[in-house]
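*Asks:* Sharing start28.cif here; it has mmCIF, C-alpha atoms.
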```cif
data_target
loop_
_atom_site.label_atom_id
_atom_site.label_comp_id
_atom_site.auth_asym_id
_atom_site.auth_seq_id
_atom_site.Cartn_x
_atom_site.Cartn_y
_atom_site.Cartn_z
CA MET A 1 106.78 66.05 85.56
CA GLN A 2 109.11 64.58 83.01
CA LEU A 3 111.76 65.54 80.48
CA SER A 4 110.00 65.46 77.10
CA ALA A 5 112.63 66.85 74.70
CA LEU A 6 116.40 67.28 74.52
CA TYR A 7 118.15 69.56 72.04
CA LEU A 8 121.76 70.28 71.12
CA TYR A 9 123.05 73.12 68.97
CA PRO A 10 126.55 71.95 68.01
CA ILE A 11 127.39 75.32 66.43
CA LYS A 12 125.99 78.35 68.25
CA SER A 13 122.84 79.62 66.46
CA THR A 14 122.63 76.76 63.96
CA GLY A 15 119.69 74.39 63.66
CA PRO A 16 118.66 72.11 66.53
CA LEU A 17 119.69 68.50 66.91
CA GLU A 18 117.03 66.52 68.77
CA VAL A 19 118.44 63.61 70.78
CA GLU A 20 117.13 60.86 73.06
CA THR A 21 120.01 61.06 75.55
CA ALA A 22 122.62 63.68 76.43
CA VAL A 23 125.63 63.73 78.73
CA VAL A 24 125.74 66.63 81.20
CA GLU A 25 129.21 68.15 81.54
CA THR A 26 130.29 71.12 83.64
CA ARG A 27 129.89 73.52 80.71
CA GLY A 28 126.58 72.07 79.50
CA LEU A 29 125.41 69.17 77.38
CA ARG A 30 128.20 67.36 75.57
CA SER A 31 128.59 68.70 71.99
CA ASP A 32 126.29 71.66 72.68
CA ARG A 33 127.61 75.01 71.39
CA ARG A 34 131.22 73.89 71.29
CA TRP A 35 131.62 75.58 67.87
CA MET A 36 130.85 79.17 66.92
CA VAL A 37 130.80 81.43 63.85
CA VAL A 38 132.78 84.67 64.15
CA ASP A 39 133.80 87.58 61.93
CA ASP A 40 137.39 88.35 60.95
CA ASP A 41 137.86 90.25 64.21
CA GLY A 42 136.69 87.31 66.32
CA ARG A 43 133.33 88.80 67.26
CA PHE A 44 130.63 86.18 67.63
CA LEU A 45 127.85 86.04 65.05
CA THR A 46 124.41 84.62 65.72
CA GLY A 47 120.96 84.35 64.22
CA ARG A 48 120.29 87.86 65.50
CA GLN A 49 122.47 89.25 62.72
CA LEU A 50 122.38 86.25 60.37
CA PRO A 51 118.99 84.49 60.41
CA ARG A 52 120.20 82.10 57.67
CA LEU A 53 122.54 80.57 60.24
CA THR A 54 119.55 78.71 61.69
CA LEU A 55 119.27 76.75 58.42
CA VAL A 56 122.71 75.19 58.90
CA ARG A 57 122.61 71.70 60.39
CA ALA A 58 125.68 70.51 62.27
CA LEU A 59 126.00 66.87 63.28
CA PRO A 60 128.78 65.68 65.60
CA GLU A 61 130.73 62.79 64.14
CA ALA A 62 133.96 60.95 64.87
CA GLY A 63 136.80 63.39 64.41
CA GLY A 64 134.68 66.52 64.09
CA LEU A 65 131.27 67.36 62.67
CA SER A 66 129.39 67.39 59.37
CA LEU A 67 127.59 70.40 57.94
CA SER A 68 124.58 70.64 55.66
CA ALA A 69 122.41 73.52 54.47
CA PRO A 70 119.90 74.16 51.66
CA GLY A 71 121.62 74.27 48.29
CA MET A 72 125.03 73.37 49.71
CA PRO A 73 127.04 70.15 49.46
CA SER A 74 127.62 68.41 52.75
CA LEU A 75 130.96 69.10 54.41
CA SER A 76 133.00 67.21 57.01
CA VAL A 77 134.90 69.49 59.35
CA PRO A 78 137.70 67.93 61.41
CA PHE A 79 138.55 69.03 64.91
CA PRO A 80 141.32 71.62 64.61
CA GLN A 81 144.71 69.97 65.08
CA THR A 82 146.67 73.18 65.42
CA GLU A 83 147.91 74.45 68.76
CA ALA A 84 147.30 78.00 67.54
CA THR A 85 144.37 79.86 69.06
CA MET A 86 142.25 82.83 68.03
CA ARG A 87 140.89 85.36 70.49
CA VAL A 88 137.11 85.48 70.14
CA ASN A 89 134.41 87.36 71.99
CA VAL A 90 131.04 86.16 73.28
CA TRP A 91 129.31 89.16 74.78
CA LYS A 92 131.77 90.31 77.48
CA SER A 93 133.78 87.08 77.50
CA GLU A 94 137.07 86.68 75.65
CA VAL A 95 138.03 83.10 74.78
CA ALA A 96 141.12 81.57 73.15
CA ALA A 97 139.40 79.23 70.66
CA LYS A 98 140.79 76.95 67.95
CA PRO A 99 140.21 78.09 64.34
CA ALA A 100 138.48 75.48 62.14
CA ASP A 101 139.60 76.81 58.76
CA ALA A 102 138.13 73.89 56.79
CA ALA A 103 134.61 75.34 57.16
CA ASP A 104 135.30 79.01 56.51
CA ALA A 105 134.70 79.08 52.75
CA TRP A 106 131.59 76.87 52.97
CA LEU A 107 129.98 78.96 55.70
CA SER A 108 130.96 82.24 54.03
CA GLU A 109 129.27 81.17 50.80
CA PHE A 110 126.05 80.14 52.52
CA LEU A 111 125.89 83.15 54.84
CA ARG A 112 126.85 85.55 52.03
CA GLN A 113 129.60 87.27 53.94
CA PRO A 114 133.09 86.40 55.22
CA VAL A 115 132.97 84.37 58.42
CA ARG A 116 135.15 81.95 60.33
CA LEU A 117 134.41 78.87 62.43
CA VAL A 118 136.08 78.26 65.79
CA HIS A 119 136.04 75.33 68.19
CA MET A 120 136.10 74.98 71.97
CA ASP A 121 137.96 71.79 72.85
CA ALA A 122 138.62 70.43 76.33
CA GLY A 123 141.62 72.73 76.71
CA VAL A 124 139.61 75.87 75.94
CA THR A 125 137.85 77.23 79.00
CA ARG A 126 135.32 79.99 79.54
CA PRO A 127 134.72 80.57 83.25
CA MET A 128 131.30 81.78 84.29
CA THR A 129 131.28 85.24 85.83
CA ASP A 130 127.59 85.61 86.66
CA VAL A 131 126.64 86.38 90.23
CA HIS A 132 124.83 83.03 90.37
CA SER A 133 127.96 81.03 89.52
CA GLN A 134 130.36 79.26 91.85
CA ALA A 135 134.11 78.72 91.65
CA GLY A 136 134.88 76.26 88.85
CA ASP A 137 131.68 76.88 86.89
CA GLU A 138 132.18 76.99 83.12
CA VAL A 139 130.05 77.69 80.08
CA SER A 140 130.35 76.79 76.41
CA PHE A 141 129.78 79.31 73.61
CA ALA A 142 126.19 79.69 74.91
CA ASP A 143 125.26 83.27 75.72
CA ALA A 144 125.83 83.04 79.47
CA PHE A 145 124.67 79.78 81.07
CA PRO A 146 125.28 76.08 80.43
CA LEU A 147 121.65 75.02 79.80
CA LEU A 148 118.20 76.44 79.13
CA LEU A 149 114.93 74.86 80.28
CA ILE A 150 111.35 75.69 79.24
CA SER A 151 108.07 74.10 80.30
CA ARG A 152 105.79 72.89 77.52
CA ALA A 153 102.87 74.69 79.14
CA ALA A 154 104.71 78.02 78.84
CA LEU A 155 104.79 77.62 75.06
CA ASP A 156 101.15 76.55 75.01
CA GLY A 157 100.22 79.71 76.92
CA LEU A 158 102.12 81.84 74.45
CA ASN A 159 100.59 80.15 71.42
CA ALA A 160 97.12 80.75 72.82
CA ARG A 161 97.89 84.46 72.42
CA LEU A 162 99.18 84.22 68.85
CA ALA A 163 97.31 84.15 65.55
CA LYS A 164 99.98 81.79 64.21
CA PRO A 165 101.51 79.34 66.70
CA VAL A 166 105.29 79.09 66.95
CA SER A 167 107.58 76.16 67.61
CA MET A 168 109.49 75.61 70.84
CA LEU A 169 112.60 75.74 68.66
CA GLN A 170 112.31 79.51 68.25
CA PHE A 171 113.41 79.68 71.89
CA ARG A 172 116.34 77.27 71.49
CA PRO A 173 115.99 75.30 74.74
CA ASN A 174 118.14 72.35 75.73
CA LEU A 175 115.48 70.84 77.97
CA VAL A 176 111.69 70.79 77.67
CA VAL A 177 109.57 69.68 80.62
CA ASP A 178 106.02 68.34 80.42
CA GLY A 179 103.59 68.17 83.32
CA ALA A 180 104.41 71.55 84.88
CA ALA A 181 102.11 74.55 84.95
CA ALA A 182 102.96 77.39 82.58
CA HIS A 183 106.07 79.20 83.88
CA ALA A 184 106.20 77.05 87.01
CA GLU A 185 109.94 77.02 86.38
CA ASP A 186 110.04 80.69 87.43
CA GLY A 187 109.66 79.57 91.05
CA TRP A 188 112.21 76.74 91.03
CA LYS A 189 115.61 77.14 92.69
CA ARG A 190 117.05 73.66 92.38
CA ILE A 191 115.86 70.61 90.45
CA ARG A 192 116.82 67.01 89.75
CA ILE A 193 116.29 65.46 86.31
CA GLY A 194 116.92 61.72 86.45
CA ALA A 195 120.01 61.58 88.66
CA VAL A 196 121.43 64.98 87.69
CA GLU A 197 120.94 68.10 89.81
CA PHE A 198 120.85 71.69 88.61
CA ASP A 199 120.64 75.15 90.07
CA VAL A 200 117.90 77.18 88.42
CA ALA A 201 119.96 80.35 88.15
CA LYS A 202 117.87 83.08 86.54
CA PRO A 203 115.26 83.74 83.83
CA CYS A 204 116.35 83.87 80.21
CA MET A 205 115.84 87.36 78.78
CA ARG A 206 114.58 87.35 75.22
CA CYS A 207 115.57 89.35 72.15
CA ILE A 208 114.87 89.62 68.43
CA PHE A 209 116.30 86.13 67.85
CA THR A 210 112.95 84.70 69.03
CA THR A 211 111.36 86.15 65.89
CA VAL A 212 113.51 83.98 63.59
CA ASP A 213 111.69 80.93 62.22
CA PRO A 214 114.38 78.20 62.10
CA THR A 215 112.56 76.35 59.32
CA ARG A 216 112.81 79.39 57.00
CA GLY A 217 115.81 81.28 58.33
CA GLU A 218 113.79 84.51 58.32
CA ARG A 219 112.38 86.94 60.87
CA ASP A 220 108.66 87.27 61.41
CA PRO A 221 107.54 90.53 59.74
CA ASP A 222 105.20 91.29 62.66
CA GLY A 223 107.87 90.75 65.31
CA GLU A 224 106.15 87.73 66.80
CA PRO A 225 106.32 86.02 69.19
CA LEU A 226 108.42 88.71 70.92
CA ARG A 227 105.66 91.28 70.58
CA ALA A 228 103.19 89.02 72.38
CA LEU A 229 105.72 88.21 75.10
CA VAL A 230 106.27 91.90 75.80
CA GLY A 231 102.59 92.12 76.67
CA TYR A 232 102.70 89.66 79.57
CA ARG A 233 106.29 88.55 80.30
CA ARG A 234 108.07 91.89 80.69
CA THR A 235 110.15 92.22 83.87
CA ALA A 236 112.46 94.91 85.21
CA ASP A 237 115.35 93.09 83.49
CA GLY A 238 113.66 92.35 80.17
CA VAL A 239 111.26 89.88 78.58
CA ALA A 240 111.59 86.53 80.38
CA PHE A 241 110.83 83.12 78.89
CA GLY A 242 112.50 79.96 80.26
CA GLN A 243 115.13 79.46 82.93
CA ASN A 244 118.93 79.16 82.79
CA LEU A 245 120.47 76.17 84.56
CA ILE A 246 123.88 75.40 86.05
CA PRO A 247 124.77 71.70 86.56
CA ARG A 248 125.52 70.72 90.15
CA SER A 249 126.22 67.10 89.32
CA LEU A 250 127.12 65.22 86.15
CA GLY A 251 125.49 62.31 84.38
CA THR A 252 123.24 61.33 81.49
CA LEU A 253 119.78 62.70 80.76
CA ARG A 254 117.17 60.64 78.93
CA ILE A 255 113.80 61.47 77.46
CA GLY A 256 111.20 60.44 80.02
CA ASP A 257 113.39 61.19 83.04
CA ALA A 258 111.46 62.40 86.07
CA VAL A 259 111.83 66.08 86.96
CA GLU A 260 111.79 66.80 90.70
CA VAL A 261 111.79 70.24 92.32
CA LEU A 262 114.22 70.23 95.24
CA ALA A 263 113.87 73.87 96.28
#
```
How does this structure look as structure tokens?
*Replies:*
Amino acid sequence: MQLSALYLYPIKSTGPLEVETAVVETRGLRSDRRWMVVDDDGRFLTGRQLPRLTLVRALPEAGGLSLSAPGMPSLSVPFPQTEATMRVNVWKSEVAAKPADAADAWLSEFLRQPVRLVHMDAGVTRPMTDVHSQAGDEVSFADAFPLLLISRAALDGLNARLAKPVSMLQFRPNLVVDGAAAHAEDGWKRIRIGAVEFDVAKPCMRCIFTTVDPTRGERDPDGEPLRALVGYRRTADGVAFGQNLIPRSLGTLRIGDAVEVLA
């Protein structure tokens, strides 16, 4: 088995950034989901509510990141220099994030409603509280876990059930593995990719966000592929597709790295 694709999402719910290498940090891949769009009350906003958010492309650059989107001029957004923080919510987590005011007007225009952008720098922490976590575990602005892994064969099995195949990017993984049987990852407990080890914590439960096509920024009118997944991937906890990971060592991942099941 080998690592066949690596993806970052610099702003939560924005378009994917495919990379050849990525540095694994305690809270996930470096530059992954370190920024987030919120409303005026600090509540997180995602492609569930705003499918157009998936059309925004964010690219990390020296001093911040650059934004692009259809019909919009590109915009450079510097890392917030203020010491002030804004209380924001990600599900049940409350985080003291840094407001990035330079992007607010641009994002509000594209998303057609008032929004704000916030940043998680090294001084902003979000401890993990899941039963699978250990003392010192952190997470970025991702929903609950530092990384998400999916086997290529799992997507192939899904697409065999669909009239119109979907892209892996509708599931927003960080890591894609080739050479494993479909959903083999369901039985893994601990893995090594290259030199980096991970706990395979729990399945990722899927929602309406999977129906958003990131190339169009629109939901599928037939509710696919979620409707198909309900037919064969429903569990007592929800519809499972992919596995959440927690890093147990740090290092650099590279496309082509060997994937070894340790437990």
*Asks:* Give me, as CSV, each residue of stretch 79-160 of chain A that comes within 10 Å of stretch 49-52 of chain A, together with its shortest interatomic pair and the distance in Å at one decimal, counting only C-alpha atoms, with rows ordered by chain and rising residue number.
*Replies:*
```
residue,atom,partner,partner_atom,distance
A:Phe110,CA,A:Arg52,CA,8.0
A:Leu111,CA,A:Arg52,CA,6.4
A:Arg112,CA,A:Arg52,CA,9.4
A:Gln113,CA,A:Leu50,CA,9.7
```
*Asks:* Could the residues in this selection be saved with C-alpha atoms as a JSON list (two decimals), in the frame of the given file?
*Replies:*
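The new file result_13.json reads:
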```json
[["chain", "number", "residue", "atom", "x", "y", "z"],
["A", 110, "PHE", "CA", 126.05, 80.14, 52.52],
["A", 111, "LEU", "CA", 125.89, 83.15, 54.84],
["A", 112, "ARG", "CA", 126.85, 85.55, 52.03],
["A", 113, "GLN", "CA", 129.60, 87.27, 53.94]]
```
*Asks:* Which one is closest to A:Pro203: A:Arg161, A:His119, A:His183, A:Lys12? Count all atoms listed in the file.
*Replies:*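 Going through A:Arg161, A:His119, A:His183, A:Lys12 one by one, the smallest distance to A:Pro203 is for A:His183.
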*Asks:* Expanded to explicit residues, what is the PyMOL selection byres ((chain A and resi 138-145) around 10) for this file, as a VMD selection string?
*Replies:* chain A and resid 9 to 13 25 to 36 44 89 to 93 95 119 to 121 124 to 130 132 to 137 146 to 148 201 to 202 204 243 to 247
*Asks:* Taking all atoms listed in the file into account, name the residue in A:Val166, A:Arg254, A:Asp178, A:Gly194 that is nearest to A:Pro225.
*Replies:*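 When distances to A:Pro225 are compared using all atoms listed in the file, the smallest one comes from A:Val166.
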*Asks:* Find the residue from A:Ser4, A:Asn159, A:Gln81, A:Thr21 that sits nearest to A:Val176; use all atoms listed in the file when measuring.
*Replies:*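 With all atoms listed in the file as the atom set, the closest residue is A:Ser4.
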*Asks:* With a cut-off of 12 Å, could you pull out the residues of stretch 83-115 of chain A touching stretch 61-66 of chain A and give me the nearest pair of atoms for each, distance in Å to one decimal, using only C-alpha atoms, ordered by chain and ascending number, as CSV?
*Replies:*
```
residue,atom,partner,partner_atom,distance
A:Ala100,CA,A:Gly64,CA,9.9
A:Ala102,CA,A:Gly64,CA,10.9
A:Ala103,CA,A:Ser66,CA,9.8
A:Trp106,CA,A:Ser66,CA,11.6
```
*Asks:* Rounded to one decimal in Å, what is the spacing between atom CA of A:Gln2 and atom CA of A:Ile208?
*Replies:*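 About the pair atom CA of A:Gln2 and atom CA of A:Ile208: they are 29.5 Å apart.
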*Asks:* Got a sec to resolve the PyMOL selection byres ((chain A and resi 212) around 10) on this structure and send the residues as a list of chain:residue names?
*Replies:*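 With the shown file as input, the PyMOL selection byres ((chain A and resi 212) around 10) matches A:Gly47, A:Arg48, A:Leu50, A:Pro51, A:Arg52, A:Thr54, A:Leu169, A:Gln170, A:Phe171, A:Ile208, A:Phe209, A:Thr210, A:Thr211, A:Asp213, A:Pro214, A:Thr215, A:Arg216, A:Gly217, A:Glu218, A:Arg219, A:Asp220, A:Pro221, A:Gly223, A:Glu224, A:Pro225.
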*Asks:* Enclose stretch 86-97 of chain A, meaning all of its atoms listed in the file, in a box aligned along x, y and z, pad it by 4 Å on each side, and list the centre and edge lengths in Å to one decimal, as AutoDock Vina command-line options.
*Replies:*
```
--center_x 135.8 --center_y 84.8 --center_z 72.8 --size_x 20.9 --size_y 19.1 --size_z 17.5
```
*Asks:* Quick one: of A:Val261, A:Leu67, A:Leu158, A:Leu107, who's nearest to A:Gly231, counting all atoms listed in the file?
*Replies:*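 Residue with the minimum atom-to-atom distance to A:Gly231: A:Leu158.
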*Asks:* Taking all atoms listed in the file into account, name the residue in A:Arg152, A:Arg87, A:Arg172, A:Arg43 that is nearest to A:Glu18.
*Replies:*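 Comparing A:Arg152, A:Arg87, A:Arg172, A:Arg43 against A:Glu18, the winner is A:Arg172.
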*Asks:* Convert the output of the PyMOL selection byres ((chain A and resi 233-236) around 12) on the shown file into explicit residues, formatted as number ranges by chain.
*Replies:* A: 154, 157-158, 182-183, 186, 203-207, 225-232, 237-242
*Asks:* Just to confirm, what's the straight-line distance from atom CA of A:Leu117 to atom CA of A:Asn174 in Å (one decimal)?
*Replies:*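 Between these atoms lies a distance of 22.0 Å.
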*Asks:* To one decimal place in Å, what is the distance between atom CA of A:Ser74 and atom CA of A:Glu20?
*Replies:*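 Distance reported for this atom pair: 24.1 Å.
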*Asks:* Let me make sure I understand: among A:Asp222, A:Glu197, A:Asp40, A:Asp257, which one has the smallest atom-to-atom distance to A:Val24 if we use all atoms listed in the file?
*Replies:*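 Under the stated criterion, the closest residue is A:Glu197.
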*Asks:* Set the distance at 8 Å and use all atoms listed in the file: which residues neighbour stretch 191-193 of chain A once local chain neighbours fewer than 6 positions away are removed? I'd like the list as a list in words.
*Replies:*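 Everything that qualifies: Gln2, Leu3, Asp199, Val200, Leu253, Asp257, Ala258, Val259, Glu260, Val261, Leu262 and Ala263 of chain A.
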*Asks:* Could you write out that same residue set with C-alpha atoms as a PDB file, in the frame of the given file?
*Replies:*
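Dumped to part_7.pdb:
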```
ATOM      1  CA  GLN A   2     109.110  64.580  83.010  1.00  0.00           C
ATOM      2  CA  LEU A   3     111.760  65.540  80.480  1.00  0.00           C
ATOM      3  CA  ASP A 199     120.640  75.150  90.070  1.00  0.00           C
ATOM      4  CA  VAL A 200     117.900  77.180  88.420  1.00  0.00           C
ATOM      5  CA  LEU A 253     119.780  62.700  80.760  1.00  0.00           C
ATOM      6  CA  ASP A 257     113.390  61.190  83.040  1.00  0.00           C
ATOM      7  CA  ALA A 258     111.460  62.400  86.070  1.00  0.00           C
ATOM      8  CA  VAL A 259     111.830  66.080  86.960  1.00  0.00           C
ATOM      9  CA  GLU A 260     111.790  66.800  90.700  1.00  0.00           C
ATOM     10  CA  VAL A 261     111.790  70.240  92.320  1.00  0.00           C
ATOM     11  CA  LEU A 262     114.220  70.230  95.240  1.00  0.00           C
ATOM     12  CA  ALA A 263     113.870  73.870  96.280  1.00  0.00           C
TER      13      ALA A 263
END
```
